[in-house]
Amino acid sequence: MIIALDGPAASGKGTLSKRIAAHYGLHSLDTGLLYRAVALSLLDRRLKLHDVWAAVALARTLDTARLDDPDLRRADVGEGASVVAKIPEVRAALLAYQRWFAGQSPGAVLDGRDIATVVCPNADVKIFVTATPEARAKRRHLEYQSRGLEMTEAEVLELILARDARDSGRADAPLKQDGGAILLDTTELDIDAAFDVAVGEIKRKIGR
Ligand code: CDP
């Protein structure tokens, strides 16, 4: 069984994805971490995020055992991720791993931007998780505050809007709702309520 969760930054898809995976006993992959890992490798080596050759080389040799590095959650790494994610060869290099991951038994939940549209078009369940930019900025701001990051909510909102534009506007695998996906708007929902809606949709599709 494959469950695809897509959506913009800080929509709640990451938390939801892990909860669904735990509930059904499935593997879970936050695919944003792959793009973040490429960006972090470039930043660590003081290379430019637009250095296509280096970005592709790093994507091809990515160590997927190191996706728990807390530095991957940094704000600058998230921004960098959306810059390298525009490079088609980077996306192509990360595709095989994502498809391998999705094919594991007994199944997997993958969250990202292009899971339903490109990585797993045959996913059993497709959910597009979204929320207003203001609600997402509020959540991300709280997350940053809990990690001691100095940024105002208005600054976080500005970053979110810029990232939405970059992710939706790119030519290769842009952020968009797949035709077969249901829309889950979490603006007014807490994680428990969002989880209930998601499980309802999964039950409707696969009967459990
Ligand atoms: O956690 P957050 O929602 O802020 O972002 P993320 O899921 O970690 O993704 C970081 C960036 O990677 C996104 O802004 C996208 O540009 C890119 N990404 C992508 O292009 N395709 C994916 N499947 C996942 C992430």
# chains A, B, ... in the order shown; residues from 1 in each chain; ligands from 1

$ residues_around --residues "segment 124-140 of chain A" --least-positions-apart "6" --cutoff "10 Å" --atoms "only C-alpha atoms" --output "PyMOL selection string"
chain A and resi 1-14+16+75+109+111-113+115-117+146+152-161+164+175-189+194+198+201-206

$ select_by_dssp --residues "segment 35-159 of chain A" --states "strand (DSSP E)" --output "ChimeraX atom specification"
/A:108-112,125-130

$ closest_residue --among "A:Ala123, A:Leu142, A:Leu72, A:Ala85" --to "ligand 1" --atoms "only C-alpha atoms and all ligand atoms"
A:Ala85

$ closest_residue --among "A:Ala65, A:Ala162, A:Ile191, A:Leu49" --to "Leu29 of chain A" --atoms "only C-alpha atoms"
A:Ala65

$ residues_around --residues "Ser105 of chain A" --least-positions-apart "5" --cutoff "12 Å" --atoms "only C-alpha atoms" --output "VMD selection string"
chain A and resid 1 to 2 25 to 28 100

$ write_last_selection --atoms "all heavy atoms" --output "mmCIF file, in the first residue's frame"
data_model
loop_
_atom_site.group_PDB
_atom_site.id
_atom_site.type_symbol
_atom_site.label_atom_id
_atom_site.label_comp_id
_atom_site.auth_asym_id
_atom_site.auth_seq_id
_atom_site.Cartn_x
_atom_site.Cartn_y
_atom_site.Cartn_z
ATOM 1 N N MET A 1 0.843 -1.207 0.000
ATOM 2 C CA MET A 1 0.000 0.000 0.000
ATOM 3 C C MET A 1 0.871 1.248 0.000
ATOM 4 O O MET A 1 1.831 1.341 0.761
ATOM 5 C CB MET A 1 -0.883 -0.011 1.257
ATOM 6 C CG MET A 1 -1.553 1.331 1.482
ATOM 7 S SD MET A 1 -3.006 1.261 2.521
ATOM 8 C CE MET A 1 -2.316 1.274 4.154
ATOM 9 N N ILE A 2 0.553 2.175 -0.870
ATOM 10 C CA ILE A 2 1.308 3.429 -0.929
ATOM 11 C C ILE A 2 0.349 4.600 -0.682
ATOM 12 O O ILE A 2 -0.703 4.707 -1.319
ATOM 13 C CB ILE A 2 2.002 3.610 -2.298
ATOM 14 C CG1 ILE A 2 2.993 2.461 -2.538
ATOM 15 C CG2 ILE A 2 2.719 4.961 -2.362
ATOM 16 C CD1 ILE A 2 3.653 2.483 -3.907
ATOM 17 N N GLY A 25 1.341 0.784 10.340
ATOM 18 C CA GLY A 25 2.566 -0.030 10.330
ATOM 19 C C GLY A 25 3.286 0.038 8.991
ATOM 20 O O GLY A 25 3.781 -0.975 8.479
ATOM 21 N N LEU A 26 3.370 1.232 8.413
ATOM 22 C CA LEU A 26 4.015 1.406 7.102
ATOM 23 C C LEU A 26 5.330 2.170 7.255
ATOM 24 O O LEU A 26 5.548 2.859 8.252
ATOM 25 C CB LEU A 26 3.084 2.194 6.163
ATOM 26 C CG LEU A 26 1.699 1.591 5.921
ATOM 27 C CD1 LEU A 26 0.822 2.564 5.141
ATOM 28 C CD2 LEU A 26 1.816 0.262 5.169
ATOM 29 N N HIS A 27 6.198 2.069 6.271
ATOM 30 C CA HIS A 27 7.425 2.874 6.250
ATOM 31 C C HIS A 27 7.038 4.323 5.963
ATOM 32 O O HIS A 27 6.014 4.580 5.322
ATOM 33 C CB HIS A 27 8.366 2.372 5.150
ATOM 34 C CG HIS A 27 8.763 0.944 5.330
ATOM 35 N ND1 HIS A 27 9.751 0.560 6.202
ATOM 36 C CD2 HIS A 27 8.291 -0.197 4.766
ATOM 37 C CE1 HIS A 27 9.876 -0.760 6.160
ATOM 38 N NE2 HIS A 27 8.996 -1.236 5.300
ATOM 39 N N SER A 28 7.888 5.238 6.415
ATOM 40 C CA SER A 28 7.561 6.653 6.219
ATOM 41 C C SER A 28 8.772 7.416 5.701
ATOM 42 O O SER A 28 9.878 7.277 6.224
ATOM 43 C CB SER A 28 7.112 7.211 7.580
ATOM 44 O OG SER A 28 7.081 8.609 7.562
ATOM 45 N N TRP A 100 12.072 3.180 -4.897
ATOM 46 C CA TRP A 100 12.481 1.966 -4.172
ATOM 47 C C TRP A 100 11.839 1.967 -2.790
ATOM 48 O O TRP A 100 11.281 0.966 -2.349
ATOM 49 C CB TRP A 100 14.014 1.915 -4.044
ATOM 50 C CG TRP A 100 14.414 0.838 -3.080
ATOM 51 C CD1 TRP A 100 14.527 -0.495 -3.345
ATOM 52 C CD2 TRP A 100 14.657 1.008 -1.673
ATOM 53 N NE1 TRP A 100 14.834 -1.178 -2.189
ATOM 54 C CE2 TRP A 100 14.922 -0.272 -1.148
ATOM 55 C CE3 TRP A 100 14.678 2.104 -0.812
ATOM 56 C CZ2 TRP A 100 15.207 -0.476 0.205
ATOM 57 C CZ3 TRP A 100 14.954 1.901 0.532
ATOM 58 C CH2 TRP A 100 15.225 0.625 1.026
#

$ select_by_dssp --residues "segment 15-145 of chain A" --states "alpha helix (DSSP H)" --output "PyMOL selection string"
chain A and resi 15-24+32-44+52-60+75-84+88-102+133-145

$ closest_residue --among "A:Asp30, A:Asp68, A:Glu89, A:Asp44" --to "ligand 1" --atoms "only C-alpha atoms and all ligand atoms"
A:Asp30

$ closest_residue --among "A:Arg45, A:Ala193, A:Leu40, A:Asp76" --to "Leu149 of chain A" --atoms "only C-alpha atoms"
A:Asp76

$ closest_residue --among "A:Arg66, A:Arg91, A:Arg99, A:His141" --to "ligand 1" --atoms "only C-alpha atoms and all ligand atoms"
A:Arg91

$ closest_residue --among "A:Ala96, A:Ala21, A:Val52, A:Val119" --to "Val83 of chain A" --atoms "only C-alpha atoms"
A:Val52

$ atom_distance --atom1 "atom CA of Gly78 of chain A" --atom2 "atom CA of Phe101 of chain A"
22.1 Å

$ decode --residues "segment 72-156 of chain A" --atoms "C-alpha atoms" --output "compact mmCIF listing (two decimals), in the first residue's frame"
# COMPACT_ATOMS: atom_id res chain seq x y z
CA LEU A 72 18.43 19.55 7.83
CA ARG A 73 15.60 21.39 9.65
CA ARG A 74 17.36 24.76 9.45
CA ALA A 75 15.46 27.60 7.77
CA ASP A 76 18.30 28.34 5.30
CA VAL A 77 18.44 24.66 4.38
CA GLY A 78 14.70 24.63 3.62
CA GLU A 79 15.15 27.64 1.35
CA GLY A 80 18.18 26.04 -0.29
CA ALA A 81 16.22 22.83 -0.82
CA SER A 82 13.64 24.63 -2.91
CA VAL A 83 16.42 26.15 -5.04
CA VAL A 84 18.11 22.80 -5.80
CA ALA A 85 14.68 21.19 -6.27
CA LYS A 86 14.27 23.25 -9.46
CA ILE A 87 17.13 21.35 -11.14
CA PRO A 88 15.63 18.49 -13.23
CA GLU A 89 18.79 16.34 -12.95
CA VAL A 90 18.68 16.62 -9.14
CA ARG A 91 15.05 15.49 -9.16
CA ALA A 92 15.88 12.62 -11.51
CA ALA A 93 18.77 11.51 -9.28
CA LEU A 94 16.47 11.35 -6.22
CA LEU A 95 13.61 9.58 -7.99
CA ALA A 96 14.97 6.02 -7.96
CA TYR A 97 15.48 6.02 -4.19
CA GLN A 98 11.97 7.36 -3.58
CA ARG A 99 10.42 4.70 -5.82
CA TRP A 100 12.48 1.97 -4.17
CA PHE A 101 11.36 3.25 -0.76
CA ALA A 102 7.71 3.27 -1.82
CA GLY A 103 7.96 -0.31 -3.07
CA GLN A 104 8.97 -1.78 0.29
CA SER A 105 6.69 -4.28 2.01
CA PRO A 106 4.12 -3.83 3.52
CA GLY A 107 3.91 -0.31 2.09
CA ALA A 108 4.90 3.29 2.67
CA VAL A 109 3.70 6.80 3.28
CA LEU A 110 5.66 9.43 1.36
CA ASP A 111 5.22 13.16 1.78
CA GLY A 112 6.48 15.90 -0.48
CA ARG A 113 5.40 18.02 -3.44
CA ASP A 114 5.24 15.59 -6.36
CA ILE A 115 4.52 12.19 -4.79
CA ALA A 116 1.05 11.75 -6.32
CA THR A 117 1.94 13.42 -9.63
CA VAL A 118 5.42 12.02 -10.39
CA VAL A 119 6.98 9.67 -7.81
CA CYS A 120 4.00 7.36 -7.18
CA PRO A 121 1.24 8.14 -9.69
CA ASN A 122 -0.29 4.74 -8.85
CA ALA A 123 -0.48 5.42 -5.09
CA ASP A 124 -3.50 3.80 -3.42
CA VAL A 125 -4.43 6.97 -1.56
CA LYS A 126 -3.53 10.55 -2.52
CA ILE A 127 -4.06 13.49 -0.19
CA PHE A 128 -3.17 17.13 -0.85
CA VAL A 129 -2.62 18.81 2.52
CA THR A 130 -2.86 22.57 2.63
CA ALA A 131 -3.65 25.56 4.87
CA THR A 132 -3.66 29.32 4.41
CA PRO A 133 -0.20 30.92 4.24
CA GLU A 134 -0.97 32.76 7.51
CA ALA A 135 -1.82 29.54 9.37
CA ARG A 136 1.31 27.88 8.01
CA ALA A 137 3.48 30.84 8.98
CA LYS A 138 2.07 30.72 12.51
CA ARG A 139 2.93 27.01 12.85
CA ARG A 140 6.41 27.35 11.41
CA HIS A 141 7.08 30.37 13.60
CA LEU A 142 6.14 28.35 16.70
CA GLU A 143 8.40 25.53 15.54
CA TYR A 144 11.31 27.95 15.03
CA GLN A 145 10.67 29.58 18.42
CA SER A 146 10.81 26.21 20.16
CA ARG A 147 14.22 25.70 18.55
CA GLY A 148 15.43 29.14 19.63
CA LEU A 149 15.45 30.67 16.14
CA GLU A 150 15.07 34.44 16.04
CA MET A 151 12.54 35.32 13.33
CA THR A 152 9.26 37.22 13.39
CA GLU A 153 6.02 35.65 12.16
CA ALA A 154 5.92 38.25 9.36
CA GLU A 155 9.39 37.19 8.19
CA VAL A 156 8.35 33.53 8.25
